[in-house]
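Visitor: final25.txt is reproduced below (compact mmCIF, C-alpha atoms).
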```txt
# COMPACT_ATOMS: atom_id res chain seq x y z
CA MET A 1 -35.32 -28.87 7.18
CA LYS A 2 -34.62 -25.68 9.20
CA SER A 3 -31.25 -25.21 10.83
CA LEU A 4 -31.11 -25.87 14.58
CA GLU A 5 -28.26 -23.36 15.02
CA PRO A 6 -30.47 -20.37 16.08
CA LEU A 7 -32.24 -22.53 18.67
CA LEU A 8 -28.98 -23.87 20.07
CA ASN A 9 -27.58 -20.34 20.29
CA LEU A 10 -30.70 -19.21 22.18
CA GLN A 11 -30.40 -22.13 24.62
CA HIS A 12 -26.73 -21.31 25.12
CA LEU A 13 -27.64 -17.69 25.84
CA CYS A 14 -30.28 -18.71 28.40
CA VAL A 15 -27.83 -21.02 30.15
CA ASN A 16 -25.27 -18.23 30.35
CA GLU A 17 -27.87 -15.81 31.71
CA LYS A 18 -28.86 -18.33 34.41
CA ALA A 19 -25.22 -18.91 35.28
CA ASN A 20 -24.67 -15.15 35.54
CA ASP A 21 -27.77 -14.79 37.71
CA SER A 22 -26.51 -17.59 39.94
CA SER A 23 -23.11 -15.92 40.17
CA VAL A 24 -24.70 -12.59 41.14
CA GLU A 25 -26.88 -14.33 43.75
CA SER A 26 -23.83 -16.12 45.15
CA THR A 27 -21.96 -12.82 45.33
CA LYS A 28 -24.90 -11.25 47.16
CA LYS A 29 -24.91 -14.11 49.69
CA THR A 30 -21.17 -13.70 50.26
CA GLU A 31 -21.53 -9.94 50.64
CA SER A 32 -24.36 -10.47 53.13
CA PHE A 33 -21.86 -11.47 55.79
CA THR A 34 -18.93 -9.27 54.75
CA THR A 35 -20.49 -5.92 53.85
CA PRO A 36 -21.97 -3.96 56.76
CA LEU A 37 -24.66 -1.33 56.92
CA SER A 38 -23.59 2.28 57.13
CA LEU A 39 -21.42 2.91 60.17
CA ASP A 40 -23.12 6.29 60.61
CA GLU A 41 -25.89 4.41 62.40
CA VAL A 42 -23.35 3.06 64.90
CA GLU A 43 -22.51 6.62 65.91
CA VAL A 44 -26.22 7.25 66.50
CA ILE A 45 -26.45 4.16 68.74
CA LEU A 46 -23.35 5.21 70.65
CA GLY A 47 -24.33 8.87 70.86
CA TYR A 48 -20.73 9.61 69.94
CA GLU A 49 -19.29 11.05 66.72
CA PHE A 50 -15.82 9.85 65.79
CA LYS A 51 -13.16 12.37 64.80
CA ASN A 52 -11.20 9.54 63.17
CA LYS A 53 -13.66 7.43 61.14
CA GLN A 54 -10.90 4.94 60.38
CA LEU A 55 -11.00 3.79 64.02
CA LEU A 56 -14.71 3.01 63.69
CA GLU A 57 -14.13 1.04 60.49
CA GLU A 58 -11.27 -0.84 62.15
CA ALA A 59 -13.43 -1.72 65.17
CA PHE A 60 -15.98 -3.44 62.92
CA THR A 61 -13.47 -5.36 60.78
CA ASP A 62 -12.96 -8.95 61.89
CA ALA A 63 -9.61 -10.62 61.22
CA SER A 64 -11.41 -13.29 59.16
CA LEU A 65 -11.97 -10.72 56.43
CA GLY A 66 -8.27 -10.85 55.54
CA GLU A 67 -7.80 -7.08 55.32
CA ASP A 68 -4.56 -5.27 56.12
CA PHE A 69 -6.13 -4.25 59.44
CA SER A 70 -8.58 -5.78 61.91
CA ASN A 71 -10.16 -5.02 65.28
CA GLU A 72 -7.73 -7.18 67.28
CA ARG A 73 -5.55 -4.30 68.50
CA LEU A 74 -8.57 -2.20 69.50
CA GLU A 75 -10.01 -5.25 71.27
CA TYR A 76 -6.81 -5.45 73.31
CA VAL A 77 -7.17 -1.79 74.30
CA GLY A 78 -10.90 -2.06 75.01
CA ASP A 79 -10.45 -5.09 77.26
CA SER A 80 -8.04 -3.18 79.51
CA VAL A 81 -10.13 -0.02 79.52
CA LEU A 82 -13.33 -1.88 80.41
CA ASN A 83 -11.66 -3.65 83.32
CA LEU A 84 -10.35 -0.33 84.60
CA LEU A 85 -13.77 1.32 84.32
CA PHE A 86 -15.51 -1.37 86.34
CA THR A 87 -12.68 -1.47 88.87
CA LYS A 88 -13.02 2.26 89.46
CA ASP A 89 -16.83 2.28 89.54
CA GLN A 90 -17.17 -0.69 91.90
CA TYR A 91 -14.42 0.49 94.24
CA PHE A 92 -16.46 3.58 95.08
CA GLU A 93 -19.90 1.93 94.88
CA TYR A 94 -19.03 -0.92 97.27
CA PRO A 95 -16.62 0.38 99.94
CA ASP A 96 -17.37 -2.63 102.17
CA LEU A 97 -16.71 -5.43 99.64
CA SER A 98 -13.53 -7.51 99.75
CA PRO A 99 -11.19 -7.68 96.71
CA GLY A 100 -12.31 -11.26 96.05
CA VAL A 101 -15.98 -10.35 95.71
CA LEU A 102 -15.13 -7.22 93.71
CA THR A 103 -13.11 -9.37 91.32
CA ARG A 104 -16.04 -11.77 90.82
CA LEU A 105 -18.40 -8.84 90.30
CA ARG A 106 -16.13 -7.22 87.72
CA ALA A 107 -15.55 -10.52 85.90
CA ALA A 108 -19.31 -11.09 85.56
CA ASN A 109 -19.70 -7.71 83.85
CA VAL A 110 -16.82 -7.97 81.40
CA ASP A 111 -16.85 -11.62 80.30
CA SER A 112 -17.90 -12.87 76.85
CA ASP A 113 -21.45 -13.81 77.92
CA LYS A 114 -22.21 -10.31 79.19
CA LEU A 115 -20.57 -8.39 76.34
CA ALA A 116 -22.10 -10.55 73.60
CA ARG A 117 -25.51 -9.63 75.01
CA VAL A 118 -24.62 -5.95 74.62
CA ALA A 119 -23.77 -6.52 70.95
CA VAL A 120 -27.07 -8.30 70.30
CA LYS A 121 -29.21 -5.89 72.33
CA HIS A 122 -27.97 -2.83 70.45
CA GLY A 123 -27.56 -4.55 67.08
CA PHE A 124 -23.82 -3.98 66.76
CA HIS A 125 -23.43 -7.41 65.13
CA ARG A 126 -25.32 -6.14 62.07
CA PHE A 127 -22.38 -3.92 61.17
CA LEU A 128 -19.55 -6.41 61.67
CA ARG A 129 -17.49 -7.11 58.53
CA HIS A 130 -16.41 -10.75 58.55
CA LYS A 131 -16.08 -13.99 56.62
CA LYS A 132 -17.46 -16.41 59.19
CA PRO A 133 -20.36 -18.22 57.48
CA LEU A 134 -21.44 -19.95 60.71
CA LEU A 135 -21.53 -16.79 62.81
CA GLU A 136 -25.05 -15.72 61.85
CA ASP A 137 -26.51 -19.05 63.00
CA GLN A 138 -24.47 -18.89 66.21
CA ILE A 139 -25.81 -15.41 66.93
CA ARG A 140 -29.38 -16.53 66.24
CA GLN A 141 -29.04 -19.50 68.60
CA PHE A 142 -27.38 -17.37 71.27
CA SER A 143 -30.15 -14.77 71.05
CA GLU A 144 -32.75 -17.48 71.62
CA GLU A 145 -30.94 -19.25 74.46
CA ILE A 146 -30.29 -16.14 76.56
CA GLN A 147 -34.03 -15.56 76.85
CA ARG A 148 -33.91 -18.19 79.62
CA TYR A 149 -31.12 -16.31 81.39
CA PRO A 150 -31.96 -12.59 81.17
CA LEU A 151 -28.87 -11.35 83.04
CA HIS A 152 -26.14 -13.98 82.63
CA SER A 153 -26.03 -17.70 81.84
CA ASN A 154 -23.01 -18.52 84.04
CA GLY A 155 -21.52 -20.82 81.43
CA LEU A 156 -24.73 -22.54 80.31
CA VAL A 157 -24.88 -21.24 76.71
CA ASP A 158 -22.47 -21.15 73.78
CA VAL A 159 -21.31 -17.55 73.32
CA PRO A 160 -20.16 -16.19 69.92
CA LYS A 161 -16.84 -14.72 71.09
CA ALA A 162 -16.69 -12.47 68.02
CA LEU A 163 -19.55 -10.42 69.52
CA ALA A 164 -17.74 -9.84 72.82
CA ASP A 165 -14.56 -8.98 70.91
CA LEU A 166 -16.56 -6.49 68.86
CA VAL A 167 -17.84 -4.62 71.92
CA GLU A 168 -14.31 -4.43 73.37
CA SER A 169 -13.10 -3.12 70.00
CA ILE A 170 -15.70 -0.34 69.97
CA ILE A 171 -14.71 0.62 73.52
CA GLY A 172 -11.07 0.69 72.44
CA ALA A 173 -11.93 2.84 69.41
CA VAL A 174 -13.81 5.41 71.51
CA PHE A 175 -10.95 5.47 74.02
CA ILE A 176 -8.32 6.20 71.35
CA ASP A 177 -10.55 8.67 69.48
CA SER A 178 -11.34 10.60 72.68
CA ASN A 179 -7.66 11.16 73.41
CA SER A 180 -7.60 8.32 75.98
CA SER A 181 -10.42 9.68 78.13
CA ILE A 182 -11.89 6.99 80.37
CA ASP A 183 -14.53 9.49 81.51
CA ILE A 184 -15.85 9.88 77.96
CA VAL A 185 -15.79 6.10 77.42
CA TRP A 186 -17.80 5.53 80.61
CA LYS A 187 -20.28 8.24 79.63
CA VAL A 188 -20.79 6.58 76.23
CA PHE A 189 -21.01 2.98 77.44
CA LYS A 190 -22.49 3.02 80.95
CA ASP A 191 -26.09 2.90 79.73
CA LEU A 192 -25.25 0.57 76.83
CA LEU A 193 -23.83 -1.98 79.28
CA GLU A 194 -27.05 -2.13 81.29
CA PRO A 195 -28.31 -4.19 82.96
CA ILE A 196 -25.09 -4.13 84.96
CA ILE A 197 -24.70 -7.05 87.35
CA ARG A 198 -24.62 -5.76 90.92
CA ARG A 199 -23.94 -7.29 94.30
CA GLU A 200 -27.55 -8.34 94.81
CA THR A 201 -27.86 -9.91 91.33
CA LEU A 202 -24.46 -11.64 91.21
CA LYS A 203 -24.89 -15.41 90.85
CA ILE A 204 -22.46 -18.16 91.77
CA HIS A 205 -21.23 -20.42 88.97
CA PRO A 206 -23.24 -23.69 89.09
CA VAL A 207 -20.16 -25.92 89.52
CA THR A 208 -18.88 -23.78 92.40
CA GLN A 209 -22.34 -23.63 93.96
CA LEU A 210 -22.75 -27.41 93.79
CA TYR A 211 -19.42 -28.10 95.47
CA GLU A 212 -20.05 -25.49 98.17
CA MET A 213 -23.52 -26.85 98.94
CA CYS A 214 -22.31 -30.43 99.19
CA GLN A 215 -19.25 -29.50 101.24
CA LYS A 216 -21.46 -27.87 103.86
CA LYS A 217 -23.50 -31.07 104.13
CA ASN A 218 -20.43 -33.32 104.01
CA LEU A 219 -21.51 -34.92 100.74
CA LYS A 220 -19.20 -36.26 98.02
CA VAL A 221 -19.64 -34.93 94.47
CA LYS A 222 -18.53 -36.89 91.45
CA PHE A 223 -18.70 -35.84 87.77
CA VAL A 224 -18.59 -38.65 85.20
CA ASP A 225 -17.17 -37.50 81.87
CA LEU A 226 -19.13 -39.09 79.00
CA TRP A 227 -18.60 -36.23 76.57
CA LYS A 228 -16.59 -38.16 73.97
CA GLU A 229 -19.18 -40.93 73.87
CA SER A 230 -22.43 -38.98 74.15
CA THR A 231 -21.53 -35.26 74.66
CA THR A 232 -22.80 -35.51 78.25
CA PHE A 233 -21.69 -35.35 81.89
CA ASP A 234 -23.40 -37.21 84.73
CA VAL A 235 -23.32 -36.03 88.33
CA PHE A 236 -23.46 -38.26 91.42
CA VAL A 237 -23.74 -37.10 95.03
CA ASP A 238 -22.86 -39.81 97.55
CA ASP A 239 -23.05 -42.31 94.67
CA GLN A 240 -26.61 -41.27 93.84
CA PHE A 241 -27.35 -39.95 90.35
CA VAL A 242 -28.56 -36.35 90.63
CA GLY A 243 -28.09 -34.69 87.26
CA ARG A 244 -27.00 -34.72 83.64
CA GLY A 245 -25.93 -32.07 81.16
CA SER A 246 -25.11 -32.15 77.48
CA CYS A 247 -23.68 -29.89 74.81
CA ARG A 248 -22.46 -31.03 71.43
CA LEU A 249 -20.31 -27.97 70.77
CA LYS A 250 -18.33 -27.49 73.98
CA LYS A 251 -17.36 -29.89 76.73
CA GLU A 252 -17.21 -27.15 79.37
CA ILE A 253 -20.82 -26.16 78.76
CA ALA A 254 -21.95 -29.78 79.15
CA HIS A 255 -20.09 -29.88 82.48
CA ASN A 256 -21.75 -26.66 83.65
CA ARG A 257 -25.20 -27.82 82.58
CA ALA A 258 -24.77 -31.06 84.49
CA ALA A 259 -23.97 -29.06 87.63
CA LYS A 260 -27.03 -26.85 87.09
CA ASP A 261 -29.26 -29.89 86.61
CA ALA A 262 -27.84 -31.43 89.79
CA LEU A 263 -28.55 -28.24 91.73
CA ASP A 264 -32.14 -28.22 90.49
CA ASN A 265 -32.60 -31.80 91.70
CA ILE A 266 -30.48 -31.95 94.82
CA VAL A 267 -32.77 -29.95 97.09
CA ARG A 268 -35.56 -32.45 96.52
CA ILE A 269 -33.17 -35.37 97.05
CA LEU A 270 -31.74 -33.90 100.24
CA ASP A 271 -35.24 -33.25 101.60
CA LYS A 272 -36.09 -36.90 101.09
CA LYS A 273 -32.85 -37.94 102.76
CA ASP A 274 -33.52 -35.74 105.79
CA THR A 275 -37.03 -37.14 106.06
```
In structure tokens, what does this structure look like?
Guide:
Amino acid sequence: MKSLEPLLNLQHLCVNEKANDSSVESTKKTESFTTPLSLDEVEVILGYEFKNKQLLEEAFTDASLGEDFSNERLEYVGDSVLNLLFTKDQYFEYPDLSPGVLTRLRAANVDSDKLARVAVKHGFHRFLRHKKPLLEDQIRQFSEEIQRYPLHSNGLVDVPKALADLVESIIGAVFIDSNSSIDIVWKVFKDLLEPIIRRETLKIHPVTQLYEMCQKKNLKVKFVDLWKESTTFDVFVDDQFVGRGSCRLKKEIAHNRAAKDALDNIVRILDKKDT
């Protein structure tokens, strides 16, 4: 009878090879959301060449990666710079607008919803180094949902904050690299930030709009919080059901969606009431 030892050794070798292949594949999957493409392409998108390449690398390094550095400090700088840029631009563009309206206009252009769109539109997210396994799915869902709201969702979609933070980090990196020149930063980013929300395209938040509409008509608005039970909010106007919104991930979004649904329905309801 022939020895089974050679056969067993061969089987053992095959098992080890499969295990090694599986390990390599697993490593590739891990690297897929931690290792970026070449950052040279980012400079092409920006139309700006960094003197200090370390700033560019820092801007695209999320804190989740666990490196000695991350983009958090550059995000802090970029946030302040971006607010200053829009403050300056809108002050001269709209000499007749009150500070309150200017503040709303600026906020709409620098919030997470607007900046995350910039990251997706120009593909900046492809270069982000991170260890957030859920982020890719969040970005995919966000990219699909914003198709219904081309300019801004006003709180109706879940925004991957890491994308907005990334854009602020890039702005901060350009600002530091350009010797703190806000003129250079504006030249680099003005077109990238398009479409910029302007006075004629600025929308009111659905919750604010609902309350304002009902106040003018002396109607009472009531939100019923059912989020813990069913991830929903119901809206009643003068004790009549007018809308419902839901969101499994965030309570605030469910609240906003309920207001939007109520706004979509209330005109029809009010017309019937007047008739």
Visitor: What's the 10 Å shell around A:Leu115, counting all atoms listed in the file, without same-chain residues fewer than 2 positions away, as a list in words?
Guide: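 Here the qualifying residues turn out to be Ala108, Asn109, Val110, Asp111, Ser112, Asp113, Arg117, Val118, Ala119, Val120, Lys121, Val159, Lys161, Leu163, Ala164, Asp165, Leu166, Val167, Glu168 and Leu193 of chain A.
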Visitor: For A:Gln209, which residue out of A:Glu58, A:Asp261, A:Asp177, A:Glu43 is the nearest one, using only C-alpha atoms?
Guide: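 Ranked by minimum distance to A:Gln209, first place goes to A:Asp261.
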Visitor: For stretch 129-138 of chain A, take all atoms listed in the file, fit an axis-aligned box around them, add 3 Å to each of the six sides, then output centre and edge lengths in Å rounded to one decimal, as AutoDock Vina command-line options.
Guide:
```
--center_x -21.3 --center_y -13.5 --center_z 61.4 --size_x 16.4 --size_y 18.8 --size_z 15.6
```
Visitor: Which one of A:Lys114, A:Lys187, A:His205, A:Arg73 sits closest to A:Tyr48 if you count all atoms listed in the file?
Guide: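 The shortest atom-to-atom distance to A:Tyr48 comes from A:Lys187.
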Visitor: Can you work out which one of A:Gln90, A:Ser230, A:Ser246, A:Asn218 has the shortest atom-to-atom distance to A:Arg104, counting only C-alpha atoms?
Guide: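 Under the stated criterion, the closest residue is A:Gln90.
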Visitor: Using Å and a single decimal, report how far atom CA of A:Phe236 sits from atom CA of A:Asn256.
Guide: 14.1 Å
Visitor: Quick one: residues within 12 Å of (-32.8, -14.4, 78.2) (file frame), counting all atoms listed in the file, please, as a PDB file with C-alpha atoms, in the coordinates of the input.
Guide:
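File point-v2.pdb, as written:
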```pdb
ATOM      1  CA  ASP A 113     -21.450 -13.810  77.920  1.00  0.00           C
ATOM      2  CA  LYS A 114     -22.210 -10.310  79.190  1.00  0.00           C
ATOM      3  CA  ARG A 117     -25.510  -9.630  75.010  1.00  0.00           C
ATOM      4  CA  VAL A 120     -27.070  -8.300  70.300  1.00  0.00           C
ATOM      5  CA  LYS A 121     -29.210  -5.890  72.330  1.00  0.00           C
ATOM      6  CA  GLN A 141     -29.040 -19.500  68.600  1.00  0.00           C
ATOM      7  CA  PHE A 142     -27.380 -17.370  71.270  1.00  0.00           C
ATOM      8  CA  SER A 143     -30.150 -14.770  71.050  1.00  0.00           C
ATOM      9  CA  GLU A 144     -32.750 -17.480  71.620  1.00  0.00           C
ATOM     10  CA  GLU A 145     -30.940 -19.250  74.460  1.00  0.00           C
ATOM     11  CA  ILE A 146     -30.290 -16.140  76.560  1.00  0.00           C
ATOM     12  CA  GLN A 147     -34.030 -15.560  76.850  1.00  0.00           C
ATOM     13  CA  ARG A 148     -33.910 -18.190  79.620  1.00  0.00           C
ATOM     14  CA  TYR A 149     -31.120 -16.310  81.390  1.00  0.00           C
ATOM     15  CA  PRO A 150     -31.960 -12.590  81.170  1.00  0.00           C
ATOM     16  CA  LEU A 151     -28.870 -11.350  83.040  1.00  0.00           C
ATOM     17  CA  HIS A 152     -26.140 -13.980  82.630  1.00  0.00           C
ATOM     18  CA  SER A 153     -26.030 -17.700  81.840  1.00  0.00           C
ATOM     19  CA  LEU A 156     -24.730 -22.540  80.310  1.00  0.00           C
ATOM     20  CA  VAL A 157     -24.880 -21.240  76.710  1.00  0.00           C
TER      21      VAL A 157
END
```
Visitor: With a distance cut-off of 9 Å and all atoms listed in the file, select the neighbouring residues of A:Ala259, excluding the residue or stretch itself and same-chain residues fewer than 3 positions from it, and output the selection as a list of chain:residue names.
Guide: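 In the requested form, the answer reads A:Pro206, A:Val207, A:Thr208, A:Gln209, A:Leu210, A:Phe223, A:Phe233, A:Asp234, A:Val235, A:Gly243, A:Arg244, A:Gly245, A:Ala254, A:His255, A:Asn256, A:Ala262, A:Leu263, A:Asp264.
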Visitor: Considering only C-alpha atoms, state which residue in the set A:Lys251, A:Lys88, A:Arg198, A:Lys51 is at the smallest distance from A:Asp183.
Guide: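 Smallest distance to A:Asp183 is found for A:Lys88.
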Visitor: Suppose you want the space between atom CA of A:Phe127 and atom CA of A:Leu39; what is it in Å?
Guide: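 One can read the atom CA of A:Phe127 to atom CA of A:Leu39 distance as 7.0 Å.
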